file upload-v9.csv (CSV, C-alpha atoms and all ligand atoms)
chain,number,residue,atom,x,y,z
A,1,MET,CA,42.6,193.5,157.7
A,2,THR,CA,42.7,190.5,155.4
A,3,ARG,CA,40.8,190.1,152.1
A,4,ASP,CA,38.6,187.5,153.7
A,5,GLU,CA,37.8,189.8,156.7
A,6,GLN,CA,36.8,192.5,154.2
A,7,LYS,CA,34.6,190.0,152.3
A,8,LYS,CA,33.0,188.8,155.5
A,9,GLN,CA,32.2,192.3,156.6
A,10,ALA,CA,30.5,193.2,153.3
A,11,ALA,CA,28.6,189.9,153.3
A,12,GLU,CA,27.3,190.5,156.8
A,13,ALA,CA,26.2,194.0,155.9
A,14,ALA,CA,23.9,192.5,153.2
A,15,LEU,CA,21.7,191.1,156.0
A,16,ASP,CA,20.2,194.5,156.3
A,17,ASP,CA,18.6,194.1,152.9
A,18,ILE,CA,16.8,190.9,153.8
A,19,GLU,CA,13.0,191.3,154.2
A,20,ALA,CA,11.2,189.1,156.7
A,21,GLY,CA,9.4,186.2,155.1
A,22,ALA,CA,11.2,186.6,151.8
A,23,VAL,CA,12.8,184.1,149.4
A,24,VAL,CA,16.4,185.2,149.1
A,25,GLY,CA,18.5,184.8,145.9
A,26,VAL,CA,22.0,183.5,146.9
A,27,GLY,CA,25.1,183.7,144.8
A,28,THR,CA,28.3,181.7,144.6
A,29,GLY,CA,31.9,182.0,145.7
A,30,SER,CA,33.9,182.8,148.9
A,31,THR,CA,32.0,186.1,149.6
A,32,ALA,CA,28.7,184.4,149.0
A,33,ASN,CA,29.7,181.7,151.4
A,34,PHE,CA,30.3,184.3,154.1
A,35,PHE,CA,26.8,185.6,153.3
A,36,ILE,CA,25.3,182.0,153.6
A,37,ASP,CA,26.9,181.6,157.0
A,38,ALA,CA,25.5,184.9,158.1
A,39,LEU,CA,22.1,184.1,156.7
A,40,ALA,CA,22.0,180.9,158.8
A,41,ARG,CA,21.8,183.1,161.9
A,42,ILE,CA,18.5,184.6,160.7
A,43,LYS,CA,17.1,181.6,158.9
A,44,HIS,CA,14.0,181.5,161.0
A,45,ARG,CA,13.0,185.0,159.6
A,46,ILE,CA,13.1,184.0,155.9
A,47,GLU,CA,11.0,181.5,153.9
A,48,GLY,CA,14.0,180.1,152.1
A,49,THR,CA,16.4,180.7,149.2
A,50,VAL,CA,17.1,180.1,145.5
A,51,ALA,CA,20.7,179.2,144.9
A,52,SER,CA,22.9,180.1,141.8
A,53,SER,CA,24.9,176.9,142.0
A,54,GLU,CA,24.9,173.3,143.3
A,55,ALA,CA,27.8,174.3,145.7
A,56,SER,CA,25.8,177.1,147.3
A,57,ALA,CA,22.7,174.9,147.4
A,58,ALA,CA,24.7,172.3,149.3
A,59,ARG,CA,26.0,174.9,151.8
A,60,LEU,CA,22.6,176.4,152.4
A,61,LYS,CA,21.1,172.9,153.0
A,62,GLY,CA,24.0,172.1,155.3
A,63,HIS,CA,22.8,175.1,157.5
A,64,GLY,CA,19.2,173.8,157.3
A,65,ILE,CA,18.1,176.6,155.1
A,66,PRO,CA,15.4,175.6,152.5
A,67,VAL,CA,16.4,175.9,148.8
A,68,PHE,CA,13.7,176.2,146.2
A,69,ASP,CA,13.7,175.7,142.4
A,70,LEU,CA,13.5,179.2,140.8
A,71,ASN,CA,10.5,178.0,138.7
A,72,SER,CA,8.5,177.6,141.9
A,73,VAL,CA,9.1,181.1,143.1
A,74,ASP,CA,7.1,184.1,142.0
A,75,GLU,CA,9.4,186.9,143.1
A,76,LEU,CA,12.8,187.5,144.6
A,77,PRO,CA,13.0,190.7,146.5
A,78,VAL,CA,16.8,190.5,146.8
A,79,TYR,CA,19.8,188.6,145.4
A,80,VAL,CA,23.2,188.7,147.2
A,81,ASP,CA,26.3,187.7,145.3
A,82,GLY,CA,30.0,188.5,144.9
A,83,ALA,CA,31.9,189.7,141.8
A,84,ASP,CA,35.3,189.5,140.2
A,85,GLU,CA,35.3,193.2,139.2
A,86,SER,CA,32.9,196.1,139.4
A,87,ASN,CA,33.2,199.5,137.8
A,88,GLN,CA,31.7,202.7,139.3
A,89,TYR,CA,28.4,202.1,137.4
A,90,LEU,CA,28.1,198.7,139.2
A,91,GLN,CA,28.6,196.8,136.0
A,92,LEU,CA,30.3,193.6,136.9
A,93,ILE,CA,32.5,190.8,135.7
A,94,LYS,CA,31.4,187.5,137.3
A,95,GLY,CA,32.0,183.9,136.7
A,96,GLY,CA,35.3,183.3,138.4
A,97,GLY,CA,33.6,180.4,140.1
A,98,GLY,CA,32.0,179.3,136.8
A,99,ALA,CA,28.4,179.9,138.0
A,100,LEU,CA,27.7,182.9,135.7
A,101,THR,CA,24.7,181.6,133.8
A,102,ARG,CA,22.6,180.6,136.9
A,103,GLU,CA,23.8,183.8,138.6
A,104,LYS,CA,22.6,185.9,135.7
A,105,ILE,CA,19.3,184.1,135.7
A,106,VAL,CA,18.8,184.7,139.4
A,107,ALA,CA,19.9,188.4,139.0
A,108,ALA,CA,17.4,188.9,136.2
A,109,VAL,CA,14.5,187.7,138.4
A,110,SER,CA,15.5,189.7,141.4
A,111,ARG,CA,14.1,193.1,142.2
A,112,LYS,CA,17.3,194.2,143.9
A,113,PHE,CA,20.9,192.9,143.3
A,114,VAL,CA,23.2,193.5,146.2
A,115,CYS,CA,26.8,192.8,145.3
A,116,VAL,CA,29.3,192.1,148.1
A,117,ALA,CA,33.0,192.2,147.7
A,118,ASP,CA,36.3,193.3,149.1
A,119,ASP,CA,37.5,196.7,147.9
A,120,SER,CA,40.1,195.3,145.5
A,121,LYS,CA,37.2,194.4,143.2
A,122,LEU,CA,36.4,198.0,142.3
A,123,VAL,CA,38.2,199.0,139.1
A,124,ASP,CA,38.2,201.9,136.7
A,125,VAL,CA,37.9,199.8,133.6
A,126,LEU,CA,36.6,196.2,133.5
A,127,GLY,CA,38.7,193.5,131.8
A,128,LYS,CA,41.9,192.9,133.8
A,129,PHE,CA,40.1,189.9,135.3
A,130,PRO,CA,39.7,187.5,132.4
A,131,LEU,CA,36.0,187.5,131.2
A,132,PRO,CA,34.4,184.1,131.7
A,133,ILE,CA,32.1,182.8,128.9
A,134,GLU,CA,30.0,179.6,129.2
A,135,VAL,CA,30.0,177.8,125.9
A,136,ILE,CA,28.3,174.6,124.6
A,137,PRO,CA,31.2,172.1,124.3
A,138,MET,CA,30.9,171.5,120.5
A,139,ALA,CA,31.1,175.3,119.8
A,140,ARG,CA,34.3,175.8,121.8
A,141,SER,CA,36.7,176.3,118.9
A,142,TYR,CA,34.3,178.4,116.8
A,143,VAL,CA,33.5,180.7,119.7
A,144,ALA,CA,37.2,181.0,120.6
A,145,ARG,CA,38.0,182.1,117.0
A,146,GLU,CA,35.2,184.7,117.1
A,147,LEU,CA,36.5,186.0,120.5
A,148,VAL,CA,39.9,186.5,119.0
A,149,LYS,CA,38.3,188.7,116.3
A,150,LEU,CA,36.8,190.8,119.1
A,151,GLY,CA,40.4,191.4,120.4
A,152,GLY,CA,40.5,188.9,123.2
A,153,ARG,CA,42.7,185.9,124.1
A,154,PRO,CA,40.4,183.0,125.1
A,155,VAL,CA,41.7,180.2,127.3
A,156,LEU,CA,39.8,177.1,128.0
A,157,ARG,CA,39.3,176.6,131.7
A,158,ASP,CA,41.2,173.4,132.5
A,159,LYS,CA,39.2,170.4,133.7
A,160,PHE,CA,36.1,172.4,134.4
A,161,VAL,CA,32.5,171.6,133.6
A,162,THR,CA,29.7,174.0,134.7
A,163,ASP,CA,26.6,172.9,136.6
A,164,ASN,CA,24.9,173.0,133.2
A,165,GLY,CA,27.4,170.6,131.6
A,166,ASN,CA,29.2,173.2,129.5
A,167,VAL,CA,32.8,174.6,129.3
A,168,ILE,CA,34.2,178.0,130.2
A,169,LEU,CA,36.4,180.2,128.0
A,170,ASP,CA,38.3,182.8,130.1
A,171,VAL,CA,39.0,185.8,127.8
A,172,HIS,CA,42.2,187.7,128.6
A,173,GLY,CA,43.4,191.1,127.3
A,174,LEU,CA,40.0,192.9,127.0
A,175,GLN,CA,39.7,196.6,127.9
A,176,ILE,CA,35.9,196.8,128.3
A,177,LEU,CA,34.9,200.4,127.8
A,178,ASP,CA,31.3,199.7,126.6
A,179,ALA,CA,30.3,196.8,128.7
A,180,GLY,CA,26.6,196.7,127.6
A,181,LYS,CA,27.6,196.5,123.9
A,182,LEU,CA,30.2,193.8,124.4
A,183,GLU,CA,27.8,191.8,126.6
A,184,ALA,CA,25.3,191.7,123.8
A,185,GLU,CA,27.9,191.1,121.1
A,186,ILE,CA,29.3,188.0,122.9
A,187,ASN,CA,25.9,186.7,123.8
A,188,ASN,CA,25.0,186.8,120.1
A,189,LEU,CA,27.7,184.3,119.1
A,190,THR,CA,26.2,181.0,118.3
A,191,GLY,CA,27.2,178.5,121.0
A,192,VAL,CA,27.6,181.0,123.8
A,193,VAL,CA,25.3,180.2,126.7
A,194,THR,CA,26.1,183.5,128.4
A,195,ASN,CA,29.0,185.7,129.4
A,196,GLY,CA,30.2,187.1,132.7
A,197,LEU,CA,29.4,190.7,132.0
A,198,PHE,CA,26.6,192.0,134.1
A,199,ALA,CA,26.1,195.4,132.4
A,200,ARG,CA,22.5,195.2,131.1
A,201,ARG,CA,21.5,194.0,134.6
A,202,PRO,CA,24.1,195.6,136.8
A,203,ALA,CA,24.1,195.5,140.6
A,204,ASP,CA,21.8,197.9,142.3
A,205,VAL,CA,24.0,198.2,145.4
A,206,LEU,CA,27.7,197.5,145.9
A,207,LEU,CA,28.9,196.8,149.5
A,208,LEU,CA,32.6,196.9,149.6
A,209,GLY,CA,34.6,195.7,152.7
A,210,THR,CA,37.4,198.1,153.4
A,211,PRO,CA,40.0,198.4,156.2
A,212,THR,CA,37.8,201.2,157.6
A,213,GLY,CA,34.4,199.6,157.3
A,214,VAL,CA,31.8,198.9,154.7
A,215,ARG,CA,31.5,201.3,151.8
A,216,LYS,CA,28.2,201.5,150.0
A,217,LEU,CA,27.9,202.5,146.3
A,218,ASP,CA,24.4,202.8,144.7
A,301,LIG,C1,31.2,182.9,140.8
A,301,LIG,C2,31.3,184.4,140.9
A,301,LIG,C3,31.8,185.0,142.2
A,301,LIG,O1,30.9,185.9,142.7
A,301,LIG,C4,33.1,185.7,141.9
A,301,LIG,O2,34.0,184.8,141.3
A,301,LIG,C5,33.7,186.3,143.2
A,301,LIG,O3,34.2,185.2,144.0
A,301,LIG,P1,34.8,185.5,145.4
A,301,LIG,O4,33.6,186.0,146.3
A,301,LIG,O5,35.3,184.1,145.8
A,301,LIG,O6,35.8,186.5,145.3
A,301,LIG,O7,30.9,185.1,140.0
A,301,LIG,O8,30.8,182.5,139.6
call {"tool": "encode", "arguments": {"input": "upload-v9.csv", "output": "C-alpha cells"}}
result
Amino acid sequence: MTRDEQKKQAAEAALDDIEAGAVVGVGTGSTANFFIDALARIKHRIEGTVASSEASAARLKGHGIPVFDLNSVDELPVYVDGADESNQYLQLIKGGGGALTREKIVAAVSRKFVCVADDSKLVDVLGKFPLPIEVIPMARSYVARELVKLGGRPVLRDKFVTDNGNVILDVHGLQILDAGKLEAEINNLTGVVTNGLFARRPADVLLLGTPTGVRKLD
C-alpha cells in the first residue's frame, strides 16, 4: 500500500466524525485534500466548512461546498487536518504546507480535532521534521538568532509567503522533549506569529492509515 493510499484511508475514516448539519473545520495538505474529496460525497448533509488556507478553500469551492469566514461561525464541532509528525500524546508538528497559523486558529475553535495521517507520521520524539515558524518579515533575522540560542538551525523557506503575507523559518536539529514548553517559548519571541507545535491544543483523535487498516489513537 502506498503512502497516498494510507492517507486516503485515514481521511475517509474521518467522515464518521462529521455531524449532520454541522460546519466542518478543514485543514491543508495532501491528506486534507483526500478528506475534502471524501467530504464532497456527503456535502448535502453538512451546512458548510471553514478552511485553514486559501488552497483548501479553493478545493472546497471547486466541489460546490460552501466555505464560511470563521468569524461568522459560532462553533465548530470538528476539525479534520493532517500533520507532519505526531507523538503518542497526539502533540503535533504541523506547517509543512505553511498554513500553520490558520490551522492553529481553526483547531483552537474546534471542539474535536481529528488528525489524519499515514503511519510514518507517528514518532517517539518530535523534531526530526523541521519545525515551521511563521514570522513577520522584518523580524526574520532577529527570530532566527533567538532560535539558534534555543538549539535549532533555522532555514528560511525559499520563495514562500504565507496566506497572511509572512515568511516561514523551518527549524532543524530540535529534539522536542517538552513540546508545550517549547511551543510557549517560541511564541513568546517578538515577531513570531505562531509556531507549528500543536501541544497546548493537541489532536483529540489520530487516525493513522496503515497497510492493515486504520489505526485509531485517542
Ligand atoms: C500544512 C500541514 C499539513 O497538515 C502537513 O504538512 C501534512 O501534510 P500532508 O498531509 O501533505 O502530509 O500542516 O500546513
call {"tool": "atom_distance", "arguments": {"input": "upload-v9.csv", "atom1": "atom CA of A:Ala203", "atom2": "atom CA of A:Val67"}}
result
22.6 Å
call {"tool": "closest_residue", "arguments": {"input": "upload-v9.csv", "among": "A:Gly151, A:Pro211, A:Gly95, A:Gly27", "to": "A:Leu182", "atoms": "all atoms listed in the file"}}
result
A:Gly151
call {"tool": "closest_residue", "arguments": {"input": "upload-v9.csv", "among": "A:Ala22, A:Leu150, A:Ile168, A:Val205", "to": "ligand LIG 301 (chain A)", "atoms": "only C-alpha atoms and all ligand atoms"}}
result
A:Ile168
call {"tool": "closest_residue", "arguments": {"input": "upload-v9.csv", "among": "A:Phe34, A:Tyr79, A:Phe68, A:Tyr89", "to": "ligand LIG 301 (chain A)", "atoms": "only C-alpha atoms and all ligand atoms"}}
result
A:Phe34
call {"tool": "residues_near_ligand", "arguments": {"input": "upload-v9.csv", "ligand": "ligand LIG 301 (chain A)", "cutoff": "9 Å", "atoms": "all atoms listed in the file", "output": "PyMOL selection string"}}
result
chain A and resi 4+7+27-34+52-53+81-85+93-103+115-118+121+132+196
call {"tool": "residues_near_point", "arguments": {"input": "upload-v9.csv", "point": "(23.9, 199.5, 136.5)", "cutoff": "12 Å", "atoms": "all atoms listed in the file", "output": "list in words"}}
result
Ser86, Asn87, Gln88, Tyr89, Leu90, Gln91, Leu92, Lys112, Phe113, Val114, Cys115, Ala179, Gly180, Leu197, Phe198, Ala199, Arg200, Arg201, Pro202, Ala203, Asp204, Val205, Leu206, Leu217 and Asp218 of chain A
call {"tool": "atom_distance", "arguments": {"input": "upload-v9.csv", "atom1": "atom CA of A:Leu174", "atom2": "atom CA of A:Gly127"}}
result
5.0 Å
call {"tool": "decode", "arguments": {"input": "upload-v9.csv", "residues": "stretch 177-189 of chain A", "atoms": "N, CA, C and O atoms", "output": "short mmCIF file (atom, residue, chain, number, x, y, z; two decimals), in the first residue's frame"}}
result
data_model
loop_
_atom_site.label_atom_id
_atom_site.label_comp_id
_atom_site.auth_asym_id
_atom_site.auth_seq_id
_atom_site.Cartn_x
_atom_site.Cartn_y
_atom_site.Cartn_z
N LEU A 177 11.44 17.43 23.64
CA LEU A 177 11.02 16.54 24.72
C LEU A 177 9.87 17.15 25.52
O LEU A 177 9.02 16.44 26.02
N ASP A 178 9.85 18.48 25.63
CA ASP A 178 8.74 19.16 26.31
C ASP A 178 8.09 20.11 25.30
O ASP A 178 8.44 21.29 25.20
N ALA A 179 7.15 19.55 24.54
CA ALA A 179 6.59 20.30 23.40
C ALA A 179 5.79 21.52 23.86
O ALA A 179 5.84 22.57 23.22
N GLY A 180 5.06 21.38 24.97
CA GLY A 180 4.25 22.51 25.46
C GLY A 180 5.11 23.69 25.85
O GLY A 180 4.80 24.85 25.56
N LYS A 181 6.24 23.39 26.49
CA LYS A 181 7.15 24.45 26.96
C LYS A 181 7.78 25.16 25.76
O LYS A 181 7.82 26.39 25.68
N LEU A 182 8.27 24.36 24.79
CA LEU A 182 8.92 24.97 23.62
C LEU A 182 7.91 25.77 22.78
O LEU A 182 8.24 26.85 22.26
N GLU A 183 6.70 25.25 22.69
CA GLU A 183 5.67 25.99 21.93
C GLU A 183 5.47 27.39 22.52
O GLU A 183 5.45 28.39 21.80
N ALA A 184 5.37 27.45 23.85
CA ALA A 184 5.16 28.74 24.52
C ALA A 184 6.39 29.64 24.37
O ALA A 184 6.27 30.84 24.10
N GLU A 185 7.58 29.05 24.53
CA GLU A 185 8.83 29.83 24.45
C GLU A 185 8.98 30.48 23.08
O GLU A 185 9.32 31.65 22.96
N ILE A 186 8.73 29.70 22.04
CA ILE A 186 8.90 30.25 20.68
C ILE A 186 7.82 31.29 20.39
O ILE A 186 8.10 32.35 19.81
N ASN A 187 6.61 31.02 20.82
CA ASN A 187 5.54 32.00 20.57
C ASN A 187 5.79 33.32 21.30
O ASN A 187 5.24 34.35 20.94
N ASN A 188 6.63 33.27 22.31
CA ASN A 188 6.94 34.47 23.10
C ASN A 188 7.97 35.37 22.42
O ASN A 188 8.19 36.50 22.86
N LEU A 189 8.65 34.87 21.39
CA LEU A 189 9.66 35.68 20.71
C LEU A 189 8.95 36.76 19.89
O LEU A 189 8.05 36.45 19.09
#
